[in-house]
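Asker: Please see the structure below; I have some questions.
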Amino acid sequence: MGITSEFTCDPYNFEFTPEMLRSYNELGYFLVREFLSKEEVTKIKQSVEREDFIKRGYPLEDYDRKKYNLIMWKHPGHDVTGMLARCEKLAGTCEKILGGEVYHYHTKLVCKAPREGGQLLWHQDYGYWYKNGCLFPDIASAFIPIDKCVKESGCLQILEKSHLCGRIDHAMKAGQTGADVERVEELKKVCPHKYVEMEAGDALFFHANLLHTSSANLSDNKRWALIPAYNMRSNNPVYEHHHPQYTPLEKVPDSSILSCDNFDDLSGKEFNVPSEDKTVTVRTQ
């Protein structure tokens, strides 16, 4: 019997299942449709599409010098995005996936503008985090689009089961850290290459060693996606870097996303600046 990788849920009453865990362990991911309600997505968009939020970003280039904008922060904070990062259905699910206490490692907002948003190279997230002093790939992420993600707009692409190959060597390519190209091409021959088209509010939970990429946005619509990442307390990095060491995470009920009316107070989030990050290069010209 095949493994189910796609699930639906009641966004107001999400339940993590053994089938989801099996998919994560054996395929490297699982996809939850309607993980966030339309009302929750609207509130999150209202939070991040504000000038004070957008100005915290910086551009990263691909091979063609097309750019996407990256906004990244270290701690959840107390605004709507903080409630999302701290809620049970997100943080609690990552604890169940990894099997122990987690803390907020960071959240990224990847912003691809219409017709010009650049691609992300094939990589494993642990290709970055290994360089940060995390000894194990005990870090889970969730890709949550706040705009529709389809092939034309540069949806996420994955190599199913590629997490089982272990960490691949990564090196700086253009302004990003990318996986060894020859090894990726060989893995494409044995690991199903899938385009993960998603609606706003869907969520893809995925393993730190799952190879993934996304193409440039060729559509007339923007393509923004949130990617919160959670590290296990037991995997506390061995040295300080641009993401946090273990910091206790105070989880909140799922209802906190809709009940939060804080859009302006971004204190405590600690937005990243590119000069701190040795795994990316930002061109000044």
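Ordering of the structure tokens sets the chain letters (A, B, ...); residue numbers start at 1 within each chain; ligands are numbered from 1 in the order shown.
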When you look at A:Ile144 with a cut-off of 7 Å (counting only C-alpha atoms), what residues show up, excluding the ones that are within fewer than 4 positions of it in the same chain? I need them as a list in words.

Answerer: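 Final neighbour list, sorted by chain and number: Gly201, Asp202, Ala203, Leu204, Ala225, Leu226 and Ile227 of chain A.
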
Asker: Those same residues - N, CA, C and O atoms - I'd like them written as an mmCIF file, in the first residue's frame.

Answerer:
data_model
loop_
_atom_site.group_PDB
_atom_site.id
_atom_site.type_symbol
_atom_site.label_atom_id
_atom_site.label_comp_id
_atom_site.auth_asym_id
_atom_site.auth_seq_id
_atom_site.Cartn_x
_atom_site.Cartn_y
_atom_site.Cartn_z
ATOM 1 N N GLY A 201 -2.298 29.392 2.337
ATOM 2 C CA GLY A 201 -2.765 28.746 3.563
ATOM 3 C C GLY A 201 -2.503 27.255 3.633
ATOM 4 O O GLY A 201 -2.661 26.659 4.703
ATOM 5 N N ASP A 202 -2.106 26.624 2.512
ATOM 6 C CA ASP A 202 -1.638 25.240 2.584
ATOM 7 C C ASP A 202 -0.285 25.230 3.303
ATOM 8 O O ASP A 202 0.366 26.278 3.447
ATOM 9 N N ALA A 203 0.157 24.052 3.747
ATOM 10 C CA ALA A 203 1.451 23.959 4.433
ATOM 11 C C ALA A 203 2.165 22.677 4.051
ATOM 12 O O ALA A 203 1.564 21.590 4.087
ATOM 13 N N LEU A 204 3.420 22.799 3.668
ATOM 14 C CA LEU A 204 4.267 21.645 3.400
ATOM 15 C C LEU A 204 5.309 21.558 4.504
ATOM 16 O O LEU A 204 6.172 22.431 4.630
ATOM 17 N N ALA A 225 5.852 33.632 0.386
ATOM 18 C CA ALA A 225 5.659 32.441 1.221
ATOM 19 C C ALA A 225 6.445 32.584 2.513
ATOM 20 O O ALA A 225 7.584 33.057 2.522
ATOM 21 N N LEU A 226 5.825 32.159 3.606
ATOM 22 C CA LEU A 226 6.470 32.095 4.913
ATOM 23 C C LEU A 226 7.081 30.719 5.124
ATOM 24 O O LEU A 226 6.478 29.702 4.758
ATOM 25 N N ILE A 227 8.274 30.687 5.741
ATOM 26 C CA ILE A 227 8.920 29.407 6.037
ATOM 27 C C ILE A 227 9.472 29.448 7.462
ATOM 28 O O ILE A 227 10.632 29.807 7.688
#

Asker: As a VMD selection string, please: the residues near A:Phe271 (cut-off 12 Å, only C-alpha atoms, same-chain neighbours under 6 positions excluded).

Answerer: chain A and resid 52 to 58 70 to 77 106 to 109 242 to 244

Asker: Please provide the set of residues having any atom within 12 Å of A:Pro253, restricted to only C-alpha atoms, with same-chain residues fewer than 4 positions apart removed, written as a compact mmCIF listing (two decimals) with N, CA, C and O atoms, in the first residue's frame.

Answerer:
# COMPACT_ATOMS: atom_id res chain seq x y z
N TYR A 12 -9.40 25.00 11.97
CA TYR A 12 -9.71 25.41 13.34
C TYR A 12 -9.59 24.26 14.33
O TYR A 12 -9.79 24.43 15.53
N ASN A 13 -9.27 23.07 13.80
CA ASN A 13 -9.17 21.89 14.67
C ASN A 13 -8.19 20.90 14.04
O ASN A 13 -8.53 19.75 13.78
N PHE A 14 -6.96 21.36 13.84
CA PHE A 14 -5.95 20.53 13.19
C PHE A 14 -5.53 19.38 14.09
O PHE A 14 -5.34 19.56 15.29
N MET A 83 2.35 34.96 16.56
CA MET A 83 1.32 34.02 17.02
C MET A 83 1.29 32.78 16.13
O MET A 83 1.12 31.65 16.60
N LEU A 84 1.49 32.99 14.82
CA LEU A 84 1.56 31.85 13.91
C LEU A 84 2.73 30.95 14.28
O LEU A 84 2.57 29.72 14.40
N ALA A 85 3.90 31.52 14.47
CA ALA A 85 5.10 30.72 14.76
C ALA A 85 5.01 30.00 16.09
O ALA A 85 5.63 28.95 16.27
N ARG A 86 4.23 30.54 17.02
CA ARG A 86 4.15 29.96 18.36
C ARG A 86 2.93 29.05 18.54
O ARG A 86 2.80 28.41 19.59
N CYS A 87 2.03 29.00 17.56
CA CYS A 87 0.78 28.25 17.75
C CYS A 87 1.01 26.75 17.78
O CYS A 87 1.96 26.23 17.20
N GLU A 88 0.11 26.06 18.43
CA GLU A 88 0.23 24.61 18.62
C GLU A 88 0.24 23.84 17.31
O GLU A 88 1.01 22.89 17.15
N LYS A 89 -0.60 24.25 16.35
CA LYS A 89 -0.69 23.43 15.13
C LYS A 89 0.56 23.55 14.27
O LYS A 89 0.78 22.70 13.39
N LEU A 90 1.38 24.56 14.53
CA LEU A 90 2.64 24.70 13.80
C LEU A 90 3.82 24.24 14.64
O LEU A 90 4.47 23.24 14.33
N ALA A 91 4.09 24.93 15.74
CA ALA A 91 5.21 24.56 16.59
C ALA A 91 5.00 23.19 17.23
O ALA A 91 5.93 22.37 17.31
N GLY A 92 3.77 22.92 17.67
CA GLY A 92 3.48 21.62 18.29
C GLY A 92 3.63 20.47 17.32
O GLY A 92 4.09 19.38 17.68
N ILE A 257 -3.92 33.41 16.57
CA ILE A 257 -3.66 34.07 15.28
C ILE A 257 -4.76 35.08 14.98
O ILE A 257 -4.50 36.24 14.63
N LEU A 258 -6.00 34.66 15.14
CA LEU A 258 -7.12 35.54 14.83
C LEU A 258 -7.41 36.54 15.93
O LEU A 258 -7.90 37.64 15.67
N SER A 259 -7.08 36.20 17.16
CA SER A 259 -7.38 37.12 18.26
C SER A 259 -6.33 38.22 18.39
O SER A 259 -6.56 39.23 19.06
N CYS A 260 -5.16 38.05 17.74
CA CYS A 260 -4.10 39.04 17.83
C CYS A 260 -4.40 40.23 16.91
O CYS A 260 -4.68 40.04 15.72

Asker: To one decimal place, how far is atom CA of A:Glu34 from atom CA of A:His212 in Å?

Answerer: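 Taking atom CA of A:Glu34 and atom CA of A:His212, their separation equals 21.7 Å.
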
Asker: Counting only C-alpha atoms, figure out which residue out of A:Gly118, A:Ser215, A:Thr42, A:Ile97 gets nearest to A:Asp147.

Answerer: A:Thr42

Asker: Please provide as a ChimeraX atom specification all residues within 8 Å of A:Leu159, with the sequence filter that same-chain residues fewer than 2 positions apart are discarded (counting only C-alpha atoms).

Answerer: /A:157,161-162,187-188,191-194,210-212

Asker: Okay, now the selection with all heavy atoms, as a CSV table (one decimal), in the first residue's frame?

Answerer:
chain,number,residue,atom,x,y,z
A,157,GLN,N,9.6,23.0,-5.7
A,157,GLN,CA,9.9,21.7,-6.3
A,157,GLN,C,10.7,20.9,-5.4
A,157,GLN,O,11.6,21.4,-4.7
A,157,GLN,CB,10.7,21.9,-7.6
A,157,GLN,CG,10.0,22.7,-8.7
A,157,GLN,CD,10.9,23.0,-9.9
A,157,GLN,OE1,11.6,22.1,-10.4
A,157,GLN,NE2,11.0,24.2,-10.3
A,161,LYS,N,12.1,11.6,-1.3
A,161,LYS,CA,13.0,10.7,-0.6
A,161,LYS,C,14.4,11.1,-0.6
A,161,LYS,O,15.3,10.3,-0.1
A,161,LYS,CB,12.8,9.3,-1.2
A,161,LYS,CG,11.5,8.6,-1.0
A,161,LYS,CD,11.5,7.2,-1.5
A,161,LYS,CE,10.1,6.5,-1.2
A,161,LYS,NZ,10.1,5.1,-1.6
A,162,SER,N,14.7,12.3,-1.2
A,162,SER,CA,16.1,12.7,-1.2
A,162,SER,C,16.7,12.9,0.2
A,162,SER,O,18.0,13.0,0.3
A,162,SER,CB,16.3,13.9,-2.1
A,162,SER,OG,15.5,15.0,-1.6
A,187,LEU,N,20.6,12.2,-8.4
A,187,LEU,CA,19.5,12.0,-7.5
A,187,LEU,C,18.2,12.1,-8.3
A,187,LEU,O,17.2,11.4,-8.0
A,187,LEU,CB,19.5,12.9,-6.3
A,187,LEU,CG,20.5,12.4,-5.2
A,187,LEU,CD1,20.8,13.5,-4.2
A,187,LEU,CD2,20.0,11.2,-4.5
A,188,LYS,N,18.1,13.0,-9.3
A,188,LYS,CA,16.9,13.2,-10.1
A,188,LYS,C,16.5,11.9,-10.8
A,188,LYS,O,15.4,11.7,-11.1
A,188,LYS,CB,17.1,14.3,-11.1
A,188,LYS,CG,17.0,15.7,-10.5
A,188,LYS,CD,17.2,16.7,-11.6
A,188,LYS,CE,17.1,18.1,-11.1
A,188,LYS,NZ,17.3,19.1,-12.2
A,191,CYS,N,15.0,9.8,-7.5
A,191,CYS,CA,14.1,10.4,-6.6
A,191,CYS,C,13.0,11.1,-7.4
A,191,CYS,O,13.4,12.0,-8.2
A,191,CYS,CB,14.8,11.4,-5.7
A,191,CYS,SG,15.9,10.6,-4.5
A,192,PRO,N,11.7,10.8,-7.3
A,192,PRO,CA,10.7,11.5,-8.0
A,192,PRO,C,10.8,13.0,-7.9
A,192,PRO,O,10.8,13.6,-6.8
A,192,PRO,CB,9.4,11.0,-7.4
A,192,PRO,CG,9.8,9.6,-6.9
A,192,PRO,CD,11.2,9.8,-6.4
A,193,HIS,N,10.8,13.7,-9.0
A,193,HIS,CA,10.8,15.2,-9.0
A,193,HIS,C,9.4,15.7,-9.1
A,193,HIS,O,8.7,15.4,-10.0
A,193,HIS,CB,11.6,15.6,-10.3
A,193,HIS,CG,11.7,17.1,-10.4
A,193,HIS,ND1,12.4,17.7,-11.5
A,193,HIS,CD2,11.3,18.2,-9.6
A,193,HIS,CE1,12.3,19.0,-11.4
A,193,HIS,NE2,11.7,19.3,-10.3
A,194,LYS,N,9.0,16.4,-8.0
A,194,LYS,CA,7.6,16.9,-7.9
A,194,LYS,C,7.5,18.4,-7.8
A,194,LYS,O,8.3,19.0,-7.1
A,194,LYS,CB,6.9,16.2,-6.7
A,194,LYS,CG,6.9,14.7,-6.8
A,194,LYS,CD,5.9,14.1,-5.9
A,194,LYS,CE,5.6,12.6,-6.2
A,194,LYS,NZ,4.6,12.0,-5.3
A,210,LEU,N,15.8,17.4,2.7
A,210,LEU,CA,15.0,17.2,1.5
A,210,LEU,C,15.5,18.2,0.5
A,210,LEU,O,15.5,19.4,0.7
A,210,LEU,CB,13.5,17.4,1.8
A,210,LEU,CG,12.6,17.1,0.5
A,210,LEU,CD1,12.5,15.6,0.3
A,210,LEU,CD2,11.2,17.8,0.8
A,211,LEU,N,15.9,17.8,-0.7
A,211,LEU,CA,16.4,18.7,-1.7
A,211,LEU,C,15.2,19.4,-2.3
A,211,LEU,O,14.1,18.8,-2.6
A,211,LEU,CB,17.1,17.9,-2.8
A,211,LEU,CG,18.6,17.6,-2.6
A,211,LEU,CD1,19.0,16.5,-3.5
A,211,LEU,CD2,19.4,18.8,-2.8
A,212,HIS,N,15.3,20.7,-2.5
A,212,HIS,CA,14.2,21.5,-3.0
A,212,HIS,C,14.7,22.7,-3.7
A,212,HIS,O,15.9,23.1,-3.5
A,212,HIS,CB,13.2,21.9,-1.9
A,212,HIS,CG,13.8,22.7,-0.8
A,212,HIS,ND1,14.5,22.1,0.2
A,212,HIS,CD2,13.7,24.0,-0.4
A,212,HIS,CE1,14.9,23.0,1.1
A,212,HIS,NE2,14.4,24.2,0.7

Asker: Among the residues of stretch 119-277 of chain A, find those DSSP assigns to strand (DSSP E or B) from the backbone and print them as a PyMOL selection string.

Answerer: chain A and resi 120-123+139-145+149+156-159+170-173+176-179+193-196+198+203-207+212-214+223-232+252+271

Asker: Find the residues around A:Lys131 up to 12 Å (only C-alpha atoms counted), leave out those fewer than 5 positions away in its own chain, and share them as a tab-separated table (two decimals) with all heavy atoms, in the first residue's frame.

Answerer:
chain	number	residue	atom	x	y	z
A	124	GLN	N	19.63	21.68	0.20
A	124	GLN	CA	19.06	21.16	1.43
A	124	GLN	C	19.20	22.25	2.49
A	124	GLN	O	20.24	22.91	2.56
A	124	GLN	CB	19.82	19.91	1.91
A	124	GLN	CG	19.83	18.74	0.94
A	124	GLN	CD	20.90	17.73	1.33
A	124	GLN	OE1	22.05	18.10	1.58
A	124	GLN	NE2	20.53	16.46	1.39
A	125	ASP	N	18.20	22.44	3.31
A	125	ASP	CA	18.34	23.45	4.35
A	125	ASP	C	19.49	23.12	5.30
A	125	ASP	O	20.18	24.02	5.80
A	125	ASP	CB	17.03	23.59	5.14
A	125	ASP	CG	15.95	24.29	4.33
A	125	ASP	OD1	16.28	24.97	3.34
A	125	ASP	OD2	14.77	24.16	4.70
A	126	TYR	N	19.73	21.83	5.51
A	126	TYR	CA	20.84	21.45	6.38
A	126	TYR	C	22.19	21.76	5.73
A	126	TYR	O	23.21	21.83	6.40
A	126	TYR	CB	20.75	19.97	6.76
A	126	TYR	CG	21.73	19.56	7.84
A	126	TYR	CD1	21.82	20.27	9.03
A	126	TYR	CD2	22.55	18.45	7.67
A	126	TYR	CE1	22.70	19.90	10.02
A	126	TYR	CE2	23.44	18.06	8.67
A	126	TYR	CZ	23.52	18.79	9.84
A	126	TYR	OH	24.40	18.43	10.82
A	136	PHE	N	23.19	17.92	13.96
A	136	PHE	CA	22.26	16.96	13.37
A	136	PHE	C	21.19	17.70	12.56
A	136	PHE	O	20.89	18.87	12.83
A	136	PHE	CB	21.57	16.14	14.48
A	136	PHE	CG	22.53	15.35	15.33
A	136	PHE	CD1	23.03	15.88	16.52
A	136	PHE	CD2	22.94	14.08	14.94
A	136	PHE	CE1	23.91	15.16	17.31
A	136	PHE	CE2	23.83	13.36	15.72
A	136	PHE	CZ	24.31	13.89	16.91
A	137	PRO	N	20.58	17.02	11.59
A	137	PRO	CA	19.52	17.65	10.80
A	137	PRO	C	18.16	17.59	11.50
A	137	PRO	O	17.12	17.36	10.86
A	137	PRO	CB	19.52	16.83	9.51
A	137	PRO	CG	19.91	15.46	9.94
A	137	PRO	CD	20.93	15.67	11.05
A	167	ARG	N	23.41	14.43	4.04
A	167	ARG	CA	23.80	15.78	3.63
A	167	ARG	C	24.72	15.73	2.41
A	167	ARG	O	25.66	14.95	2.33
A	167	ARG	CB	24.52	16.49	4.78
A	167	ARG	CG	24.89	17.94	4.45
A	167	ARG	CD	25.68	18.58	5.59
A	167	ARG	NE	26.96	17.92	5.80
A	167	ARG	CZ	28.07	18.22	5.12
A	167	ARG	NH1	28.04	19.15	4.18
A	167	ARG	NH2	29.19	17.59	5.38
A	169	ASP	N	27.29	17.98	-0.21
A	169	ASP	CA	28.16	19.15	-0.17
A	169	ASP	C	27.47	20.35	-0.82
A	169	ASP	O	26.83	20.23	-1.86
A	169	ASP	CB	29.47	18.87	-0.90
A	169	ASP	CG	30.39	17.92	-0.13
A	169	ASP	OD1	30.21	17.81	1.09
A	169	ASP	OD2	31.26	17.29	-0.77
A	170	HIS	N	27.62	21.51	-0.19
A	170	HIS	CA	27.06	22.76	-0.69
A	170	HIS	C	28.18	23.78	-0.84
A	170	HIS	O	29.17	23.76	-0.10
A	170	HIS	CB	26.00	23.32	0.27
A	170	HIS	CG	24.69	22.60	0.24
A	170	HIS	ND1	24.56	21.27	0.56
A	170	HIS	CD2	23.43	23.03	-0.09
A	170	HIS	CE1	23.28	20.91	0.44
A	170	HIS	NE2	22.59	21.97	0.05
A	171	ALA	N	28.01	24.68	-1.82
A	171	ALA	CA	28.99	25.74	-2.04
A	171	ALA	C	28.26	26.99	-2.51
A	171	ALA	O	27.11	26.93	-2.95
A	171	ALA	CB	30.03	25.30	-3.07
A	172	MET	N	28.93	28.13	-2.42
A	172	MET	CA	28.35	29.39	-2.84
A	172	MET	C	28.22	29.41	-4.36
A	172	MET	O	29.17	29.16	-5.09
A	172	MET	CB	29.21	30.56	-2.37
A	172	MET	CG	28.56	31.91	-2.54
A	172	MET	SD	27.17	32.16	-1.42
A	172	MET	CE	28.02	32.36	0.14
A	177	THR	N	23.73	29.60	-1.37
A	177	THR	CA	24.42	28.35	-1.12
A	177	THR	C	23.62	27.23	-1.77
A	177	THR	O	22.46	27.01	-1.43
A	177	THR	CB	24.56	28.09	0.40
A	177	THR	OG1	25.39	29.11	0.97
A	177	THR	CG2	25.19	26.74	0.66
A	237	PRO	N	23.05	24.68	18.44
A	237	PRO	CA	24.29	24.86	17.67
A	237	PRO	C	25.52	25.01	18.57
A	237	PRO	O	25.43	25.57	19.66
A	237	PRO	CB	24.03	26.14	16.87
A	237	PRO	CG	22.54	26.23	16.77
A	237	PRO	CD	22.02	25.67	18.05
A	238	VAL	N	26.64	24.50	18.08
A	238	VAL	CA	27.84	24.47	18.92
A	238	VAL	C	28.55	25.81	18.97
A	238	VAL	O	29.46	26.00	19.76
A	238	VAL	CB	28.82	23.37	18.44
A	238	VAL	CG1	28.20	22.01	18.62
A	238	VAL	CG2	29.23	23.61	16.98
A	239	TYR	N	28.15	26.76	18.10
A	239	TYR	CA	28.69	28.11	18.24
A	239	TYR	C	27.64	29.13	17.83
A	239	TYR	O	26.69	28.81	17.10
A	239	TYR	CB	29.98	28.30	17.43
A	239	TYR	CG	29.91	27.88	15.98
A	239	TYR	CD1	29.32	28.71	15.01
A	239	TYR	CD2	30.46	26.68	15.55
A	239	TYR	CE1	29.28	28.33	13.68
A	239	TYR	CE2	30.41	26.29	14.22
A	239	TYR	CZ	29.83	27.13	13.30
A	239	TYR	OH	29.78	26.75	11.98
A	240	GLU	N	27.81	30.33	18.29
A	240	GLU	CA	26.86	31.38	17.99
A	240	GLU	C	26.99	31.83	16.54
A	240	GLU	O	28.09	31.90	15.99
A	240	GLU	CB	27.07	32.58	18.93
A	240	GLU	CG	26.74	32.27	20.38
A	240	GLU	CD	26.84	33.49	21.27
A	240	GLU	OE1	27.06	34.59	20.73
A	240	GLU	OE2	26.68	33.34	22.50
A	241	HIS	N	25.86	32.15	15.93
A	241	HIS	CA	25.85	32.60	14.54
A	241	HIS	C	24.64	33.50	14.34
A	241	HIS	O	24.13	34.08	15.30
A	241	HIS	CB	25.84	31.40	13.59
A	241	HIS	CG	24.69	30.47	13.80
A	241	HIS	ND1	24.58	29.63	14.89
A	241	HIS	CD2	23.55	30.26	13.08
A	241	HIS	CE1	23.46	28.94	14.82
A	241	HIS	NE2	22.81	29.32	13.73
A	242	HIS	N	24.15	33.65	13.11
A	242	HIS	CA	23.10	34.62	12.82
A	242	HIS	C	21.69	34.10	13.11
A	242	HIS	O	20.73	34.85	12.92
A	242	HIS	CB	23.19	35.08	11.36
A	242	HIS	CG	23.04	33.96	10.37
A	242	HIS	ND1	24.02	33.01	10.19
A	242	HIS	CD2	22.03	33.64	9.52
A	242	HIS	CE1	23.61	32.14	9.27
A	242	HIS	NE2	22.43	32.51	8.85
A	243	HIS	N	21.56	32.85	13.54
A	243	HIS	CA	20.29	32.33	14.04
A	243	HIS	C	20.44	32.05	15.53
A	243	HIS	O	21.56	31.86	16.02
A	243	HIS	CB	19.88	31.05	13.30
A	243	HIS	CG	19.67	31.23	11.84
A	243	HIS	ND1	19.00	32.31	11.31
A	243	HIS	CD2	20.02	30.45	10.77
A	243	HIS	CE1	18.95	32.21	9.99
A	243	HIS	NE2	19.57	31.10	9.65
A	277	ASP	N	25.32	36.89	7.83
A	277	ASP	CA	25.07	35.55	7.28
A	277	ASP	C	26.18	35.17	6.30
A	277	ASP	O	26.32	35.76	5.23
A	277	ASP	CB	23.71	35.55	6.58
A	277	ASP	CG	23.26	34.16	6.15
A	277	ASP	OD1	24.08	33.23	6.20
A	277	ASP	OD2	22.09	34.03	5.79
A	278	LYS	N	26.95	34.16	6.66
A	278	LYS	CA	28.07	33.70	5.81
A	278	LYS	C	27.62	32.77	4.69
A	278	LYS	O	28.43	32.37	3.85
A	278	LYS	CB	29.12	32.99	6.67
A	278	LYS	CG	29.75	33.88	7.72
A	278	LYS	CD	30.74	33.10	8.57
A	278	LYS	CE	31.37	33.99	9.64
A	278	LYS	NZ	32.34	33.25	10.50
A	279	THR	N	26.32	32.41	4.65
A	279	THR	CA	25.83	31.46	3.65
A	279	THR	C	25.15	32.14	2.47
A	279	THR	O	24.66	31.46	1.57
A	279	THR	CB	24.86	30.44	4.29
A	279	THR	OG1	23.71	31.15	4.80
A	279	THR	CG2	25.53	29.69	5.41
A	280	VAL	N	25.11	33.48	2.45
A	280	VAL	CA	24.57	34.22	1.31
A	280	VAL	C	25.47	35.39	0.99
A	280	VAL	O	26.28	35.83	1.81
A	280	VAL	CB	23.13	34.75	1.58
A	280	VAL	CG1	22.17	33.60	1.86
A	280	VAL	CG2	23.12	35.76	2.71

Asker: Which residues come within 9 Å of A:Leu121, counting only C-alpha atoms, excluding same-chain residues fewer than 5 positions away, as a list of chain:residue names?

Answerer: A:Asp62, A:Tyr63, A:Lys173, A:Gln176, A:Thr177, A:Gly178, A:Ala179, A:His212, A:Thr213, A:Ser214, A:Ser215

Asker: Fewer than 6 positions away in the same chain doesn't count, so skip those; otherwise give me all residues within 12 Å of A:Gln119, counting only C-alpha atoms, as an MDAnalysis selection string.

Answerer: chainID A and resid 59:69 110:113 151:157 174:176 178 212:218 223

Asker: Quick check, in Å to one decimal: how far apart do atom CA of A:Asp264 and atom CA of A:Thr93 lie?

Answerer: 27.8 Å

Asker: Return the single residue from A:His123, A:Lys189, A:Lys148, A:Lys38 that is closest to A:Ile168, with distances computed using only C-alpha atoms.

Answerer: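 Smallest separation from A:Ile168 among the options: A:His123.
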
Asker: What gap, in Å, lies between atom CA of A:Trp122 and atom CA of A:Leu21?

Answerer: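 Value for the atom CA of A:Trp122-atom CA of A:Leu21 distance: 24.4 Å.
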
Asker: A:Phe263, A:Phe30, A:Trp129, A:Trp224: which is nearest A:Gly117, counting only C-alpha atoms?

Answerer: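 Nearest candidate to A:Gly117 out of A:Phe263, A:Phe30, A:Trp129, A:Trp224: A:Trp224.
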